[in-house]
Amino acid sequence: IDELNANGGINGKQVEVLEYDDKGDGVEAVNAFNLAMDQGITAVIGSVLTSPTITLADATYEVNMPQISASATAQGVTQIDPEDESAGIRTNVFRSCFIDPFQGEKMAQYASEKLGAKTAAVIFETGSDYSVGLKDAFVEKCGELGVEVVAAEGYSKGDVDFKAQMTNIASKNPDVVFSPNYYEDDGMI
């Protein structure tokens with residue numbers, strides 16, 4: 001921003017950044033957006049996580065505020081209802097990352113084509129749009145590629161003991177385990 005402003009800003013206007021912490025929560029994201037709107041913002045960068053980004057996208061869409069996320073991967077970030085093709089696109093919302101279906105499909109292809117996997121297991125967070133989206137795409141693509149998913153184990157946000165899920169996965173002896181979760185969970189898994 002400093003470099004941009006030193007070079008004249010945008011169309012001769014200096015850029016000011018207002019920062020708010022949405023705490024990874026949709027309500028907090030919308031509250032931060034409303035505070036920023038009171039300050040006269042003209043665009044939003046964020047949120048980071050998928051769920052709050054979708055909630056925020058609903059709010060920014062209502063007022064046609066440009067919004068970009070560098071990391072929110074669910075189709076619902078840009079599609080109003082991914083299950084209903086006629087629901088439309090949020091023409092004001094953009095992302096600079098791959099979407100869940102693409103990531104899940106590519107991981108299944110990698111498991112099959114590069115690792116030679118014939119069987120796979122998945123452990124995922126049941127309440128996470130991100131985790132479920134990747135899991136669903138991975139499982140679907142595995143089916144197309146002939147990779148048998150021998151276990152799909154879910155867990156809840158905040159869980160710290162994954163012994164039951166991992167015991168079940170180990171008993172199935174999969175060639176690969178797909179764990180589309182955030183690092184704090186994956187480290188314990």
# chains A, B, ... in the order shown; residues from 1 in each chain; ligands from 1
>>> closest_atom_pairs(of="stretch 58-106 of chain A", to="stretch 142-156 of chain A", cutoff="12 Å", atoms="only C-alpha atoms", output="tab-separated table")
residue	atom	partner	partner_atom	distance
A:Gly104	CA	A:Cys142	CA	9.4
A:Glu105	CA	A:Cys142	CA	7.9
A:Lys106	CA	A:Cys142	CA	10.1
>>> select_by_dssp(residues="chain A", states="strand (DSSP E)", output="list of chain:residue names")
A:Val44, A:Ile45, A:Gln67, A:Ile68, A:Ser69, A:Val93, A:Phe94, A:Arg95, A:Thr119, A:Ala120, A:Ala121, A:Val122, A:Ile123, A:Phe124, A:Glu125, A:Glu148, A:Val149, A:Val150, A:Ala151, A:Ala152, A:Glu153, A:Gly154, A:Tyr155, A:Val176, A:Val177, A:Phe178
>>> write_last_selection(atoms="N, CA, C and O atoms", output="mmCIF file, in the first residue's frame")
data_model
loop_
_atom_site.group_PDB
_atom_site.id
_atom_site.type_symbol
_atom_site.label_atom_id
_atom_site.label_comp_id
_atom_site.auth_asym_id
_atom_site.auth_seq_id
_atom_site.Cartn_x
_atom_site.Cartn_y
_atom_site.Cartn_z
ATOM 1 N N VAL A 44 -13.492 -4.643 -0.203
ATOM 2 C CA VAL A 44 -13.173 -5.530 0.917
ATOM 3 C C VAL A 44 -12.184 -6.580 0.445
ATOM 4 O O VAL A 44 -12.377 -7.186 -0.606
ATOM 5 N N ILE A 45 -11.146 -6.796 1.235
ATOM 6 C CA ILE A 45 -10.242 -7.925 1.024
ATOM 7 C C ILE A 45 -10.446 -8.844 2.217
ATOM 8 O O ILE A 45 -10.180 -8.483 3.349
ATOM 9 N N GLN A 67 -15.386 -7.426 -3.441
ATOM 10 C CA GLN A 67 -14.796 -8.247 -2.384
ATOM 11 C C GLN A 67 -13.891 -9.281 -3.029
ATOM 12 O O GLN A 67 -14.246 -9.879 -4.041
ATOM 13 N N ILE A 68 -12.723 -9.491 -2.434
ATOM 14 C CA ILE A 68 -11.824 -10.546 -2.895
ATOM 15 C C ILE A 68 -11.307 -11.308 -1.694
ATOM 16 O O ILE A 68 -11.053 -10.728 -0.637
ATOM 17 N N SER A 69 -11.200 -12.616 -1.861
ATOM 18 C CA SER A 69 -10.591 -13.461 -0.836
ATOM 19 C C SER A 69 -9.414 -14.186 -1.472
ATOM 20 O O SER A 69 -9.525 -14.695 -2.584
ATOM 21 N N VAL A 93 -17.886 -10.574 -6.156
ATOM 22 C CA VAL A 93 -16.979 -11.336 -5.303
ATOM 23 C C VAL A 93 -15.996 -12.130 -6.158
ATOM 24 O O VAL A 93 -16.382 -12.792 -7.113
ATOM 25 N N PHE A 94 -14.719 -12.059 -5.764
ATOM 26 C CA PHE A 94 -13.653 -12.716 -6.501
ATOM 27 C C PHE A 94 -12.752 -13.471 -5.531
ATOM 28 O O PHE A 94 -12.742 -13.202 -4.345
ATOM 29 N N ARG A 95 -11.984 -14.410 -6.074
ATOM 30 C CA ARG A 95 -11.020 -15.144 -5.256
ATOM 31 C C ARG A 95 -9.746 -15.326 -6.070
ATOM 32 O O ARG A 95 -9.768 -15.273 -7.297
ATOM 33 N N THR A 119 -6.917 -47.810 -3.031
ATOM 34 C CA THR A 119 -7.849 -47.565 -1.930
ATOM 35 C C THR A 119 -7.445 -46.271 -1.231
ATOM 36 O O THR A 119 -6.276 -45.879 -1.230
ATOM 37 N N ALA A 120 -8.448 -45.619 -0.650
ATOM 38 C CA ALA A 120 -8.203 -44.360 0.051
ATOM 39 C C ALA A 120 -9.137 -44.261 1.248
ATOM 40 O O ALA A 120 -10.201 -44.875 1.282
ATOM 41 N N ALA A 121 -8.725 -43.467 2.212
ATOM 42 C CA ALA A 121 -9.568 -43.121 3.351
ATOM 43 C C ALA A 121 -9.537 -41.614 3.494
ATOM 44 O O ALA A 121 -8.608 -40.946 3.023
ATOM 45 N N VAL A 122 -10.570 -41.075 4.131
ATOM 46 C CA VAL A 122 -10.671 -39.629 4.340
ATOM 47 C C VAL A 122 -11.025 -39.387 5.796
ATOM 48 O O VAL A 122 -11.872 -40.080 6.365
ATOM 49 N N ILE A 123 -10.389 -38.391 6.404
ATOM 50 C CA ILE A 123 -10.795 -37.903 7.721
ATOM 51 C C ILE A 123 -11.029 -36.412 7.571
ATOM 52 O O ILE A 123 -10.179 -35.685 7.054
ATOM 53 N N PHE A 124 -12.215 -35.944 7.982
ATOM 54 C CA PHE A 124 -12.624 -34.569 7.715
ATOM 55 C C PHE A 124 -13.451 -34.003 8.862
ATOM 56 O O PHE A 124 -14.058 -34.744 9.638
ATOM 57 N N GLU A 125 -13.471 -32.663 8.952
ATOM 58 C CA GLU A 125 -14.273 -31.978 9.966
ATOM 59 C C GLU A 125 -15.688 -31.813 9.435
ATOM 60 O O GLU A 125 -15.917 -31.133 8.437
ATOM 61 N N GLU A 148 -11.143 -47.042 -4.558
ATOM 62 C CA GLU A 148 -12.182 -47.348 -3.581
ATOM 63 C C GLU A 148 -11.929 -46.584 -2.285
ATOM 64 O O GLU A 148 -10.851 -46.676 -1.689
ATOM 65 N N VAL A 149 -12.920 -45.820 -1.852
ATOM 66 C CA VAL A 149 -12.824 -45.120 -0.572
ATOM 67 C C VAL A 149 -13.329 -46.086 0.495
ATOM 68 O O VAL A 149 -14.522 -46.377 0.573
ATOM 69 N N VAL A 150 -12.393 -46.592 1.282
ATOM 70 C CA VAL A 150 -12.711 -47.645 2.252
ATOM 71 C C VAL A 150 -13.156 -47.109 3.611
ATOM 72 O O VAL A 150 -13.709 -47.853 4.417
ATOM 73 N N ALA A 151 -12.929 -45.820 3.853
ATOM 74 C CA ALA A 151 -13.369 -45.202 5.109
ATOM 75 C C ALA A 151 -13.474 -43.699 4.903
ATOM 76 O O ALA A 151 -12.628 -43.096 4.247
ATOM 77 N N ALA A 152 -14.538 -43.126 5.464
ATOM 78 C CA ALA A 152 -14.713 -41.673 5.488
ATOM 79 C C ALA A 152 -15.100 -41.331 6.918
ATOM 80 O O ALA A 152 -16.240 -41.538 7.331
ATOM 81 N N GLU A 153 -14.141 -40.844 7.663
ATOM 82 C CA GLU A 153 -14.320 -40.604 9.088
ATOM 83 C C GLU A 153 -14.456 -39.114 9.367
ATOM 84 O O GLU A 153 -13.617 -38.310 8.958
ATOM 85 N N GLY A 154 -15.520 -38.744 10.066
ATOM 86 C CA GLY A 154 -15.738 -37.354 10.427
ATOM 87 C C GLY A 154 -15.394 -37.089 11.878
ATOM 88 O O GLY A 154 -15.326 -38.006 12.700
ATOM 89 N N TYR A 155 -15.160 -35.827 12.166
ATOM 90 C CA TYR A 155 -14.952 -35.381 13.543
ATOM 91 C C TYR A 155 -15.537 -33.983 13.679
ATOM 92 O O TYR A 155 -15.837 -33.319 12.680
ATOM 93 N N VAL A 176 -3.786 -44.605 0.684
ATOM 94 C CA VAL A 176 -3.580 -43.187 1.014
ATOM 95 C C VAL A 176 -4.656 -42.735 1.987
ATOM 96 O O VAL A 176 -5.744 -43.314 2.046
ATOM 97 N N VAL A 177 -4.339 -41.698 2.748
ATOM 98 C CA VAL A 177 -5.307 -41.044 3.620
ATOM 99 C C VAL A 177 -5.363 -39.579 3.217
ATOM 100 O O VAL A 177 -4.337 -38.895 3.182
ATOM 101 N N PHE A 178 -6.554 -39.106 2.907
ATOM 102 C CA PHE A 178 -6.777 -37.700 2.546
ATOM 103 C C PHE A 178 -7.338 -36.992 3.763
ATOM 104 O O PHE A 178 -8.344 -37.411 4.326
#
>>> residues_around(residues="A:Asp136", least_positions_apart="2", cutoff="10 Å", atoms="only C-alpha atoms", output="count of residues only")
14
>>> residues_around(residues="stretch 24-32 of chain A", least_positions_apart="4", cutoff="12 Å", atoms="only C-alpha atoms", output="list of chain:residue names")
A:Leu18, A:Glu19, A:Tyr20, A:Ala36, A:Met37, A:Asp38, A:Gln39, A:Ile41, A:Val44, A:Ile45, A:Gly46, A:Ser47, A:Val48, A:Leu49, A:Thr50, A:Ser51, A:Pro52, A:Thr53, A:Ile54, A:Thr55, A:Leu56, A:Ala57, A:Asp58, A:Ala59, A:Thr60, A:Tyr61, A:Ala72, A:Ser128
>>> write_last_selection(atoms="N, CA, C and O atoms", output="mmCIF file, in the first residue's frame")
data_model
loop_
_atom_site.group_PDB
_atom_site.id
_atom_site.type_symbol
_atom_site.label_atom_id
_atom_site.label_comp_id
_atom_site.auth_asym_id
_atom_site.auth_seq_id
_atom_site.Cartn_x
_atom_site.Cartn_y
_atom_site.Cartn_z
ATOM 1 N N LEU A 18 -8.152 -0.250 6.338
ATOM 2 C CA LEU A 18 -8.764 -0.432 7.646
ATOM 3 C C LEU A 18 -8.720 -1.933 7.932
ATOM 4 O O LEU A 18 -9.122 -2.734 7.092
ATOM 5 N N GLU A 19 -8.231 -2.328 9.096
ATOM 6 C CA GLU A 19 -8.125 -3.750 9.431
ATOM 7 C C GLU A 19 -9.074 -4.097 10.559
ATOM 8 O O GLU A 19 -9.158 -3.377 11.548
ATOM 9 N N TYR A 20 -9.763 -5.215 10.380
ATOM 10 C CA TYR A 20 -10.671 -5.728 11.389
ATOM 11 C C TYR A 20 -10.433 -7.224 11.533
ATOM 12 O O TYR A 20 -10.167 -7.901 10.548
ATOM 13 N N ALA A 36 -16.736 -0.939 8.805
ATOM 14 C CA ALA A 36 -15.937 -0.405 7.704
ATOM 15 C C ALA A 36 -16.795 0.420 6.756
ATOM 16 O O ALA A 36 -16.347 1.456 6.232
ATOM 17 N N MET A 37 -18.023 -0.022 6.517
ATOM 18 C CA MET A 37 -18.941 0.748 5.666
ATOM 19 C C MET A 37 -19.172 2.135 6.258
ATOM 20 O O MET A 37 -19.232 3.128 5.525
ATOM 21 N N ASP A 38 -19.293 2.209 7.576
ATOM 22 C CA ASP A 38 -19.471 3.504 8.239
ATOM 23 C C ASP A 38 -18.266 4.416 8.021
ATOM 24 O O ASP A 38 -18.386 5.639 8.103
ATOM 25 N N GLN A 39 -17.107 3.810 7.737
ATOM 26 C CA GLN A 39 -15.884 4.577 7.489
ATOM 27 C C GLN A 39 -15.727 4.928 6.003
ATOM 28 O O GLN A 39 -14.740 5.547 5.619
ATOM 29 N N ILE A 41 -15.619 2.706 3.187
ATOM 30 C CA ILE A 41 -14.791 1.830 2.356
ATOM 31 C C ILE A 41 -15.363 1.696 0.948
ATOM 32 O O ILE A 41 -16.552 1.912 0.718
ATOM 33 N N VAL A 44 -13.492 -4.643 -0.203
ATOM 34 C CA VAL A 44 -13.173 -5.530 0.917
ATOM 35 C C VAL A 44 -12.184 -6.580 0.445
ATOM 36 O O VAL A 44 -12.377 -7.186 -0.606
ATOM 37 N N ILE A 45 -11.146 -6.796 1.235
ATOM 38 C CA ILE A 45 -10.242 -7.925 1.024
ATOM 39 C C ILE A 45 -10.446 -8.844 2.217
ATOM 40 O O ILE A 45 -10.180 -8.483 3.349
ATOM 41 N N GLY A 46 -10.950 -10.034 1.958
ATOM 42 C CA GLY A 46 -11.221 -10.967 3.041
ATOM 43 C C GLY A 46 -12.619 -11.517 2.884
ATOM 44 O O GLY A 46 -13.318 -11.186 1.948
ATOM 45 N N SER A 47 -12.944 -12.343 3.689
ATOM 46 C CA SER A 47 -12.315 -12.921 4.851
ATOM 47 C C SER A 47 -11.327 -14.005 4.412
ATOM 48 O O SER A 47 -11.178 -14.273 3.221
ATOM 49 N N VAL A 48 -10.696 -14.636 5.382
ATOM 50 C CA VAL A 48 -9.721 -15.675 5.091
ATOM 51 C C VAL A 48 -10.398 -17.029 4.970
ATOM 52 O O VAL A 48 -10.181 -17.758 4.006
ATOM 53 N N LEU A 49 -11.217 -17.378 5.943
ATOM 54 C CA LEU A 49 -11.860 -18.691 5.980
ATOM 55 C C LEU A 49 -13.144 -18.706 5.149
ATOM 56 O O LEU A 49 -13.800 -17.680 4.976
ATOM 57 N N THR A 50 -13.511 -19.875 4.674
ATOM 58 C CA THR A 50 -14.649 -20.023 3.772
ATOM 59 C C THR A 50 -15.977 -19.597 4.388
ATOM 60 O O THR A 50 -16.706 -18.798 3.799
ATOM 61 N N SER A 51 -16.327 -20.129 5.547
ATOM 62 C CA SER A 51 -17.645 -19.835 6.122
ATOM 63 C C SER A 51 -17.873 -18.348 6.353
ATOM 64 O O SER A 51 -18.897 -17.809 5.923
ATOM 65 N N PRO A 52 -16.945 -17.637 7.019
ATOM 66 C CA PRO A 52 -17.185 -16.207 7.181
ATOM 67 C C PRO A 52 -17.154 -15.442 5.855
ATOM 68 O O PRO A 52 -17.843 -14.439 5.698
ATOM 69 N N THR A 53 -16.394 -15.949 4.893
ATOM 70 C CA THR A 53 -16.355 -15.280 3.593
ATOM 71 C C THR A 53 -17.705 -15.375 2.902
ATOM 72 O O THR A 53 -18.170 -14.410 2.296
ATOM 73 N N ILE A 54 -18.358 -16.536 3.001
ATOM 74 C CA ILE A 54 -19.680 -16.683 2.382
ATOM 75 C C ILE A 54 -20.682 -15.763 3.066
ATOM 76 O O ILE A 54 -21.483 -15.092 2.392
ATOM 77 N N THR A 55 -20.658 -15.710 4.381
ATOM 78 C CA THR A 55 -21.563 -14.812 5.105
ATOM 79 C C THR A 55 -21.294 -13.366 4.708
ATOM 80 O O THR A 55 -22.227 -12.601 4.444
ATOM 81 N N LEU A 56 -20.030 -12.997 4.642
ATOM 82 C CA LEU A 56 -19.659 -11.651 4.226
ATOM 83 C C LEU A 56 -20.073 -11.389 2.784
ATOM 84 O O LEU A 56 -20.535 -10.290 2.446
ATOM 85 N N ALA A 57 -19.943 -12.395 1.923
ATOM 86 C CA ALA A 57 -20.316 -12.246 0.511
ATOM 87 C C ALA A 57 -21.802 -11.944 0.365
ATOM 88 O O ALA A 57 -22.198 -11.186 -0.528
ATOM 89 N N ASP A 58 -22.615 -12.521 1.230
ATOM 90 C CA ASP A 58 -24.041 -12.188 1.202
ATOM 91 C C ASP A 58 -24.241 -10.698 1.468
ATOM 92 O O ASP A 58 -25.041 -10.040 0.799
ATOM 93 N N ALA A 59 -23.507 -10.159 2.434
ATOM 94 C CA ALA A 59 -23.636 -8.741 2.786
ATOM 95 C C ALA A 59 -23.072 -7.824 1.701
ATOM 96 O O ALA A 59 -23.686 -6.816 1.347
ATOM 97 N N THR A 60 -21.910 -8.167 1.155
ATOM 98 C CA THR A 60 -21.311 -7.299 0.132
ATOM 99 C C THR A 60 -22.106 -7.351 -1.166
ATOM 100 O O THR A 60 -22.182 -6.355 -1.890
ATOM 101 N N TYR A 61 -22.724 -8.492 -1.449
ATOM 102 C CA TYR A 61 -23.535 -8.629 -2.664
ATOM 103 C C TYR A 61 -24.733 -7.693 -2.624
ATOM 104 O O TYR A 61 -25.103 -7.093 -3.636
ATOM 105 N N ALA A 72 -10.531 -18.295 0.447
ATOM 106 C CA ALA A 72 -11.814 -18.977 0.626
ATOM 107 C C ALA A 72 -12.116 -19.811 -0.612
ATOM 108 O O ALA A 72 -12.209 -19.289 -1.709
ATOM 109 N N SER A 128 -17.290 -28.179 8.733
ATOM 110 C CA SER A 128 -16.478 -27.221 7.985
ATOM 111 C C SER A 128 -16.812 -27.267 6.495
ATOM 112 O O SER A 128 -16.641 -28.299 5.849
#
>>> select_by_dssp(residues="stretch 11-157 of chain A", states="helix (DSSP H, G or I)", output="count of residues only")
64
>>> residues_around(residues="A:Val15", least_positions_apart="5", cutoff="10 Å", atoms="only C-alpha atoms", output="compact mmCIF listing (two decimals) with all heavy atoms, in the first residue's frame")
# COMPACT_ATOMS: atom_id res chain seq x y z
N ILE A 1 0.83 -1.18 0.00
CA ILE A 1 0.00 0.00 0.00
C ILE A 1 0.87 1.25 0.00
O ILE A 1 0.59 2.21 -0.72
CB ILE A 1 -0.97 -0.01 1.20
CG1 ILE A 1 -1.95 -1.20 1.13
CG2 ILE A 1 -1.73 1.31 1.29
CD1 ILE A 1 -2.81 -1.26 -0.11
N ASP A 2 1.96 1.20 0.81
CA ASP A 2 2.87 2.34 0.83
C ASP A 2 3.46 2.60 -0.55
O ASP A 2 3.55 3.75 -1.00
CB ASP A 2 3.99 2.13 1.86
CG ASP A 2 3.49 2.14 3.29
OD1 ASP A 2 2.40 2.70 3.54
OD2 ASP A 2 4.19 1.58 4.16
N LEU A 4 2.19 1.68 -3.45
CA LEU A 4 1.10 2.13 -4.31
C LEU A 4 0.85 3.62 -4.11
O LEU A 4 0.77 4.39 -5.07
CB LEU A 4 -0.17 1.32 -4.02
CG LEU A 4 -1.43 1.72 -4.78
CD1 LEU A 4 -1.30 1.37 -6.25
CD2 LEU A 4 -2.64 1.03 -4.17
N ASN A 5 0.73 4.03 -2.85
CA ASN A 5 0.48 5.44 -2.55
C ASN A 5 1.64 6.33 -2.97
O ASN A 5 1.43 7.44 -3.47
CB ASN A 5 0.16 5.62 -1.07
CG ASN A 5 -1.24 5.15 -0.73
OD1 ASN A 5 -2.12 5.12 -1.58
ND2 ASN A 5 -1.44 4.76 0.52
N GLY A 8 1.40 7.43 -6.52
CA GLY A 8 0.20 8.16 -6.92
C GLY A 8 -1.12 7.53 -6.54
O GLY A 8 -2.18 8.08 -6.85
N GLY A 9 -1.08 6.39 -5.88
CA GLY A 9 -2.33 5.75 -5.48
C GLY A 9 -3.07 5.14 -6.65
O GLY A 9 -2.47 4.70 -7.62
N ILE A 10 -4.38 5.14 -6.57
CA ILE A 10 -5.23 4.63 -7.64
C ILE A 10 -6.03 5.80 -8.19
O ILE A 10 -6.77 6.46 -7.46
CB ILE A 10 -6.19 3.53 -7.13
CG1 ILE A 10 -5.39 2.34 -6.59
CG2 ILE A 10 -7.14 3.09 -8.24
CD1 ILE A 10 -6.24 1.26 -5.95
